[in-house]
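The structure appears below as structure tokens.
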Number of protein chains: 2
Amino acid sequence: MKCKRCRNAAAAVDLPSHNSAFCPDCFFVFFRRQVEVGIRKYSLLDPSDRVLVCVSGGKDSLVLWDILMEFGYDTEGLYIDLGIGDYSDRSREKVLAFAAARGKEAIVVDLRREGVPIPETAKRSHKEECAVCGTVKRYFFNRVAASRGFTVVATGHNLDDEASRLLGNLMHWHGEHLERQHPLLPDAGEGLVRKVKPLWRVSEMETAAYGFLKGIDYVVEECPMSHDATSLVYKEALSLIEEKMPGTRSNFYLGFLTKKGTFLNSLTGAETNGAPFSPGETSGKCTACGAPTYAETCGFCRLKEKAGKEAAR
Amino acid sequence: MKCKRCRNAAAAVDLPSHNSAFCPDCFFVFFRRQVEVGIRKYSLLDPSDRVLVCVSGGKDSLVLWDILMEFGYDTEGLYIDLGIGDYSDRSREKVLAFAAARGKEAIVVDLRREGVPIPETAKRSHKEECAVCGTVKRYFFNRVAASRGFTVVATGHNLDDEASRLLGNLMHWHGEHLERQHPLLPDAGEGLVRKVKPLWRVSEMETAAYGFLKGIDYVVEECPMSHDATSLVYKEALSLIEEKMPGTRSNFYLGFLTKKGTFLNSLTGAETNGAPFSPGETSGKCTACGAPTYAETCGFCRLKEKAGKEAAR
């Protein structure tokens, strides 16, 4: 099959959801354009930004860092070592090698050194690993960004991630989670840095193809703690639908963003009028660590305290 | 395993979504209660109603007719012979035998005699079989009910049917379809009879178990035209989620009904305020057949005309 764009080279990437197929060069053009449109649509990034890219060693976040450098943004990478044995070691190596090859260094936060490695913290706090990991990562994303003068935190969530999260939120009609679900969470003041997901328009398959064709070396294995993650169930369900009806996943998530304003007003009683989530005011600073929080202490400190009490027994 | 209700007999029906398991007798109590609650919740039926039960020969509609008779409602069955070869013949036999065993007769509409057998009509009108079947059945449900003095039309849609339809409507953000999705479509006047789905709280598996334990003989095979039906894809996706997280399907649909009022106001701009769909005024009567319609001619007559033109070529 010939590339549908240049009609010259052989197609290398088949995209049934776009009813298209591209050769590598035309696929690069397509992919970059999708990411550019995604950034522009909600003004995720500005040329003056200092961008902290959160990299796990997986394909999505390394592709994100790569393409943001290519677009000319001022970026640094943040790697959080989760303390999950060999998996974390291998992931760290991939990140450091990726950065070194581009004349960059990655900021590394080691959760073992911080006293909150994921497996032990989850066990001690009697919480699910994926939930603990989310709380801890969000905390350090923001702390590193705020303390080092970054204006924005970028994560590698792709269309599949966002659509499956949306499906899960709709299955349970989680009004507040639906309200917060958006490629852009604006700067909330009080040290809460803006968060963006520039890959929200590209699928997991497209990101993987881009990483492969660009020769980006990433950790292929999934996190060993994620086998029970409910997000994987929603992903599988959506993949089943997408396979039979290509393009549905994208319609679903993009349609949600279009309807979001009015839709969320109804679920939450808030008046967002189509604008992305407005985080409102935080109640102030965590009395333990000074991080912005809506409560007396922040989620991270509450988790740390809970895990610490259990460890002291 | 013992029955979780009587704690005496052996459990015969396992219900992970209710975290329960019942012996046959206790399952009957459970199932009838679910249907009763479903009827009462939205005042679907009144003892004074004359109920036209639409029966296909499959388990859902025969279980529905059976349980409504048991509840003491004044019912008659309507069988629409779709003209799909042996499948229709076998289905008709099951319906007639079911009715005869209960001292009833079923009203039969034969689509071949009406000039609109599904396979040929779909081919001639260049439409999907399932879409054509829906239009034709809705037309005759209402026509038979209105012409014979029934006050309500009851169909056997179960929780799986409704949840998968909801998922499909959300995937494409079909505001109008979401607005109409409810166990109750009230009487709209002008000959549009009330439509209800009394089995909306019970799953396909529960209905099948009830039919089996009650010894109801039904057509087990699926309609041979439905293999490509998109509704089956959504059903499969939901089953995958339900299997991993029992109870999700029910939470999803029941949660929708709870949020429906405010949610739909936002999508459609209408002011339904939590009430079921208000059909508003029809524009009048179909100029061809006199059926209530929002357009010049009704959907059935437009379909018939399209198929007729093609046949005349």
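Residue numbering restarts at 1 for every chain of the structure tokens, chains are lettered A, B, ... in their displayed order, and ligands are numbered from 1 as they appear.
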
### Query
Which residues of chain A are close to chain B, meaning at most 10 Å apart when you count only C-alpha atoms, and how do they look as a VMD selection string?
chain A and resid 163 167 to 175 228 230 232 to 245 248 to 256 258 to 269

Just the selected residues (C-alpha atoms), exported as a short mmCIF file (atom, residue, chain, number, x, y, z; two decimals), in the first residue's frame, please.
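Saved result, again19.cif, follows:
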data_model
loop_
_atom_site.label_atom_id
_atom_site.label_comp_id
_atom_site.auth_asym_id
_atom_site.auth_seq_id
_atom_site.Cartn_x
_atom_site.Cartn_y
_atom_site.Cartn_z
CA ALA A 163 -10.35 8.08 26.97
CA LEU A 167 -14.84 5.83 30.54
CA GLY A 168 -14.05 4.90 34.13
CA ASN A 169 -15.29 8.25 35.39
CA LEU A 170 -18.55 7.90 33.43
CA MET A 171 -19.07 4.30 34.59
CA HIS A 172 -19.21 5.62 38.15
CA TRP A 173 -20.49 9.12 37.34
CA HIS A 174 -17.63 10.73 39.27
CA GLY A 175 -18.61 14.38 38.88
CA ASP A 228 -4.53 -5.20 38.52
CA THR A 230 -8.68 -0.86 36.72
CA LEU A 232 -6.29 -1.39 32.03
CA VAL A 233 -9.80 -2.88 32.07
CA TYR A 234 -11.31 0.30 30.63
CA LYS A 235 -8.51 0.45 28.08
CA GLU A 236 -9.21 -3.11 26.99
CA ALA A 237 -12.94 -2.37 26.69
CA LEU A 238 -12.26 0.71 24.55
CA SER A 239 -9.77 -1.17 22.38
CA LEU A 240 -12.45 -3.74 21.68
CA ILE A 241 -14.83 -1.01 20.52
CA GLU A 242 -12.12 0.84 18.58
CA GLU A 243 -11.13 -2.29 16.72
CA LYS A 244 -14.68 -2.82 15.46
CA MET A 245 -15.41 0.87 14.91
CA THR A 248 -14.71 5.85 18.19
CA ARG A 249 -12.12 6.42 20.92
CA SER A 250 -11.16 9.78 19.50
CA ASN A 251 -14.80 10.84 18.93
CA PHE A 252 -15.56 9.86 22.51
CA TYR A 253 -12.83 11.92 24.16
CA LEU A 254 -12.90 14.89 21.79
CA GLY A 255 -16.70 14.94 22.04
CA PHE A 256 -16.43 15.03 25.81
CA THR A 258 -16.52 19.82 23.41
CA LYS A 259 -19.52 19.11 25.64
CA LYS A 260 -17.52 19.42 28.85
CA GLY A 261 -18.51 22.90 29.96
CA THR A 262 -22.26 22.48 29.91
CA PHE A 263 -22.05 18.81 30.81
CA LEU A 264 -20.07 19.46 33.96
CA ASN A 265 -22.17 22.38 35.09
CA SER A 266 -24.98 19.88 35.28
CA LEU A 267 -23.07 17.23 37.19
CA THR A 268 -21.35 19.45 39.68
CA GLY A 269 -23.46 22.56 39.81
#

Contacts of segment 207-224 of chain A within 10 Å, only C-alpha atoms, excl. fewer than 2 positions in-chain, as a PDB file with N, CA and C atoms, in the first residue's frame:
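Contents of part_28.pdb, as written:
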ATOM      1  N   ALA A  12       3.956   2.760   6.014  1.00  0.00           N
ATOM      2  CA  ALA A  12       4.555   1.979   7.110  1.00  0.00           C
ATOM      3  C   ALA A  12       3.645   1.962   8.338  1.00  0.00           C
ATOM      4  N   VAL A  13       2.797   2.971   8.473  1.00  0.00           N
ATOM      5  CA  VAL A  13       1.909   3.055   9.646  1.00  0.00           C
ATOM      6  C   VAL A  13       0.461   3.128   9.168  1.00  0.00           C
ATOM      7  N   ASP A  14      -0.317   2.133   9.569  1.00  0.00           N
ATOM      8  CA  ASP A  14      -1.725   2.059   9.173  1.00  0.00           C
ATOM      9  C   ASP A  14      -2.567   2.726  10.264  1.00  0.00           C
ATOM     10  N   PRO A  24       7.018   6.602   6.757  1.00  0.00           N
ATOM     11  CA  PRO A  24       7.594   7.184   7.977  1.00  0.00           C
ATOM     12  C   PRO A  24       7.656   8.717   7.954  1.00  0.00           C
ATOM     13  N   ASP A  25       8.158   9.312   6.868  1.00  0.00           N
ATOM     14  CA  ASP A  25       8.293  10.773   6.836  1.00  0.00           C
ATOM     15  C   ASP A  25       6.944  11.479   6.960  1.00  0.00           C
ATOM     16  N   PHE A  27       4.269  10.189   8.260  1.00  0.00           N
ATOM     17  CA  PHE A  27       3.737   9.928   9.591  1.00  0.00           C
ATOM     18  C   PHE A  27       4.309  10.930  10.604  1.00  0.00           C
ATOM     19  N   PHE A  28       5.608  11.258  10.462  1.00  0.00           N
ATOM     20  CA  PHE A  28       6.200  12.272  11.358  1.00  0.00           C
ATOM     21  C   PHE A  28       5.439  13.594  11.233  1.00  0.00           C
ATOM     22  N   PHE A  31       2.028  13.183  12.904  1.00  0.00           N
ATOM     23  CA  PHE A  31       2.102  13.090  14.366  1.00  0.00           C
ATOM     24  C   PHE A  31       2.418  14.456  14.984  1.00  0.00           C
ATOM     25  N   ARG A  32       3.415  15.127  14.417  1.00  0.00           N
ATOM     26  CA  ARG A  32       3.784  16.448  14.951  1.00  0.00           C
ATOM     27  C   ARG A  32       2.618  17.421  14.844  1.00  0.00           C
ATOM     28  N   SER A  56       9.066   8.690  32.584  1.00  0.00           N
ATOM     29  CA  SER A  56       9.080   7.445  33.351  1.00  0.00           C
ATOM     30  C   SER A  56      10.059   6.437  32.763  1.00  0.00           C
ATOM     31  N   GLY A  57      10.518   6.702  31.549  1.00  0.00           N
ATOM     32  CA  GLY A  57      11.327   5.713  30.832  1.00  0.00           C
ATOM     33  C   GLY A  57      10.493   4.961  29.804  1.00  0.00           C
ATOM     34  N   GLY A  58       9.171   5.145  29.845  1.00  0.00           N
ATOM     35  CA  GLY A  58       8.265   4.515  28.876  1.00  0.00           C
ATOM     36  C   GLY A  58       8.196   5.348  27.601  1.00  0.00           C
ATOM     37  N   LYS A  59       7.486   4.804  26.608  1.00  0.00           N
ATOM     38  CA  LYS A  59       7.479   5.442  25.296  1.00  0.00           C
ATOM     39  C   LYS A  59       6.815   6.813  25.293  1.00  0.00           C
ATOM     40  N   ASP A  60       5.684   6.927  26.004  1.00  0.00           N
ATOM     41  CA  ASP A  60       4.907   8.166  25.900  1.00  0.00           C
ATOM     42  C   ASP A  60       5.694   9.380  26.389  1.00  0.00           C
ATOM     43  N   SER A  61       6.268   9.263  27.584  1.00  0.00           N
ATOM     44  CA  SER A  61       6.927  10.424  28.156  1.00  0.00           C
ATOM     45  C   SER A  61       8.227  10.758  27.422  1.00  0.00           C
ATOM     46  N   LEU A  62       8.940   9.727  26.926  1.00  0.00           N
ATOM     47  CA  LEU A  62      10.174  10.028  26.179  1.00  0.00           C
ATOM     48  C   LEU A  62       9.848  10.634  24.818  1.00  0.00           C
ATOM     49  N   VAL A  63       8.793  10.147  24.178  1.00  0.00           N
ATOM     50  CA  VAL A  63       8.357  10.764  22.918  1.00  0.00           C
ATOM     51  C   VAL A  63       7.960  12.216  23.177  1.00  0.00           C
ATOM     52  N   LEU A  64       7.265  12.449  24.289  1.00  0.00           N
ATOM     53  CA  LEU A  64       6.856  13.818  24.618  1.00  0.00           C
ATOM     54  C   LEU A  64       8.069  14.735  24.784  1.00  0.00           C
ATOM     55  N   ASP A  66      11.064  14.325  23.638  1.00  0.00           N
ATOM     56  CA  ASP A  66      11.716  14.433  22.340  1.00  0.00           C
ATOM     57  C   ASP A  66      11.043  15.467  21.447  1.00  0.00           C
ATOM     58  N   ILE A  67       9.732  15.395  21.368  1.00  0.00           N
ATOM     59  CA  ILE A  67       9.023  16.276  20.431  1.00  0.00           C
ATOM     60  C   ILE A  67       8.982  17.716  20.956  1.00  0.00           C
ATOM     61  N   ILE A  84      10.799   0.363  42.560  1.00  0.00           N
ATOM     62  CA  ILE A  84      10.196  -0.939  42.232  1.00  0.00           C
ATOM     63  C   ILE A  84      11.281  -1.814  41.583  1.00  0.00           C
ATOM     64  N   GLY A  85      12.238  -2.227  42.387  1.00  0.00           N
ATOM     65  CA  GLY A  85      13.289  -3.171  41.996  1.00  0.00           C
ATOM     66  C   GLY A  85      13.926  -2.914  40.642  1.00  0.00           C
ATOM     67  N   TYR A  87      12.786  -3.065  37.711  1.00  0.00           N
ATOM     68  CA  TYR A  87      11.996  -2.267  36.770  1.00  0.00           C
ATOM     69  C   TYR A  87      12.388  -0.788  36.865  1.00  0.00           C
ATOM     70  N   SER A  88      12.526  -0.304  38.095  1.00  0.00           N
ATOM     71  CA  SER A  88      12.918   1.095  38.281  1.00  0.00           C
ATOM     72  C   SER A  88      14.355   1.330  37.823  1.00  0.00           C
ATOM     73  N   ARG A  90      16.021  -0.273  35.461  1.00  0.00           N
ATOM     74  CA  ARG A  90      16.063  -0.263  33.990  1.00  0.00           C
ATOM     75  C   ARG A  90      15.452   1.024  33.433  1.00  0.00           C
ATOM     76  N   SER A  91      14.377   1.486  34.055  1.00  0.00           N
ATOM     77  CA  SER A  91      13.717   2.711  33.583  1.00  0.00           C
ATOM     78  C   SER A  91      14.644   3.912  33.747  1.00  0.00           C
ATOM     79  N   ARG A  92      15.328   3.981  34.898  1.00  0.00           N
ATOM     80  CA  ARG A  92      16.237   5.095  35.154  1.00  0.00           C
ATOM     81  C   ARG A  92      17.355   5.123  34.105  1.00  0.00           C
ATOM     82  N   GLU A  93      17.897   3.945  33.795  1.00  0.00           N
ATOM     83  CA  GLU A  93      18.962   3.865  32.778  1.00  0.00           C
ATOM     84  C   GLU A  93      18.493   4.412  31.436  1.00  0.00           C
ATOM     85  N   LYS A  94      17.270   4.046  31.041  1.00  0.00           N
ATOM     86  CA  LYS A  94      16.741   4.505  29.750  1.00  0.00           C
ATOM     87  C   LYS A  94      16.619   6.030  29.741  1.00  0.00           C
ATOM     88  N   VAL A  95      16.130   6.577  30.833  1.00  0.00           N
ATOM     89  CA  VAL A  95      15.943   8.026  30.906  1.00  0.00           C
ATOM     90  C   VAL A  95      17.293   8.735  30.840  1.00  0.00           C
ATOM     91  N   ALA A  97      20.140   7.683  29.642  1.00  0.00           N
ATOM     92  CA  ALA A  97      20.762   7.521  28.323  1.00  0.00           C
ATOM     93  C   ALA A  97      20.098   8.427  27.288  1.00  0.00           C
ATOM     94  N   PHE A  98      18.758   8.503  27.352  1.00  0.00           N
ATOM     95  CA  PHE A  98      18.000   9.369  26.432  1.00  0.00           C
ATOM     96  C   PHE A  98      18.456  10.822  26.595  1.00  0.00           C
ATOM     97  N   CYS A 130      -1.243   1.734  42.725  1.00  0.00           N
ATOM     98  CA  CYS A 130      -1.430   2.748  41.687  1.00  0.00           C
ATOM     99  C   CYS A 130      -1.940   4.063  42.293  1.00  0.00           C
ATOM    100  N   GLY A 156       3.036  12.606  29.842  1.00  0.00           N
ATOM    101  CA  GLY A 156       2.908  11.920  28.558  1.00  0.00           C
ATOM    102  C   GLY A 156       1.589  11.220  28.320  1.00  0.00           C
ATOM    103  N   ASN A 158      -1.590   9.914  26.814  1.00  0.00           N
ATOM    104  CA  ASN A 158      -2.062   9.948  25.431  1.00  0.00           C
ATOM    105  C   ASN A 158      -3.591   9.788  25.370  1.00  0.00           C
ATOM    106  N   LEU A 159      -4.084   9.734  24.131  1.00  0.00           N
ATOM    107  CA  LEU A 159      -5.539   9.639  23.922  1.00  0.00           C
ATOM    108  C   LEU A 159      -6.132   8.402  24.595  1.00  0.00           C
ATOM    109  N   LEU A 199       0.062  15.251  24.586  1.00  0.00           N
ATOM    110  CA  LEU A 199      -0.186  14.116  23.678  1.00  0.00           C
ATOM    111  C   LEU A 199      -1.647  13.666  23.668  1.00  0.00           C
ATOM    112  N   VAL A 202      -3.097  12.094  20.388  1.00  0.00           N
ATOM    113  CA  VAL A 202      -2.482  10.945  19.700  1.00  0.00           C
ATOM    114  C   VAL A 202      -2.666   9.665  20.500  1.00  0.00           C
ATOM    115  N   SER A 203      -2.898   8.577  19.773  1.00  0.00           N
ATOM    116  CA  SER A 203      -3.180   7.304  20.441  1.00  0.00           C
ATOM    117  C   SER A 203      -1.892   6.643  20.921  1.00  0.00           C
ATOM    118  N   GLU A 204      -2.062   5.623  21.720  1.00  0.00           N
ATOM    119  CA  GLU A 204      -0.929   4.856  22.222  1.00  0.00           C
ATOM    120  C   GLU A 204      -0.161   4.210  21.069  1.00  0.00           C
ATOM    121  N   MET A 205      -0.913   3.686  20.110  1.00  0.00           N
ATOM    122  CA  MET A 205      -0.280   3.041  18.961  1.00  0.00           C
ATOM    123  C   MET A 205       0.518   4.068  18.160  1.00  0.00           C
ATOM    124  N   SER A 226       1.145  -2.814  37.984  1.00  0.00           N
ATOM    125  CA  SER A 226      -0.074  -2.304  37.334  1.00  0.00           C
ATOM    126  C   SER A 226      -0.996  -3.411  36.826  1.00  0.00           C
ATOM    127  N   HIS A 227      -0.636  -4.678  37.041  1.00  0.00           N
ATOM    128  CA  HIS A 227      -1.419  -5.757  36.417  1.00  0.00           C
ATOM    129  C   HIS A 227      -2.886  -5.739  36.850  1.00  0.00           C
ATOM    130  N   ASP A 228      -3.159  -5.221  38.022  1.00  0.00           N
ATOM    131  CA  ASP A 228      -4.534  -5.198  38.516  1.00  0.00           C
ATOM    132  C   ASP A 228      -5.219  -3.852  38.294  1.00  0.00           C
TER     133      ASP A 228
END

#### Entry: Contacts of Val29 of chain A within 12 Å, only C-alpha atoms, excl. fewer than 6 positions in-chain, as a PyMOL selection string
chain A and resi 5-6+22-23+35-36+67+210
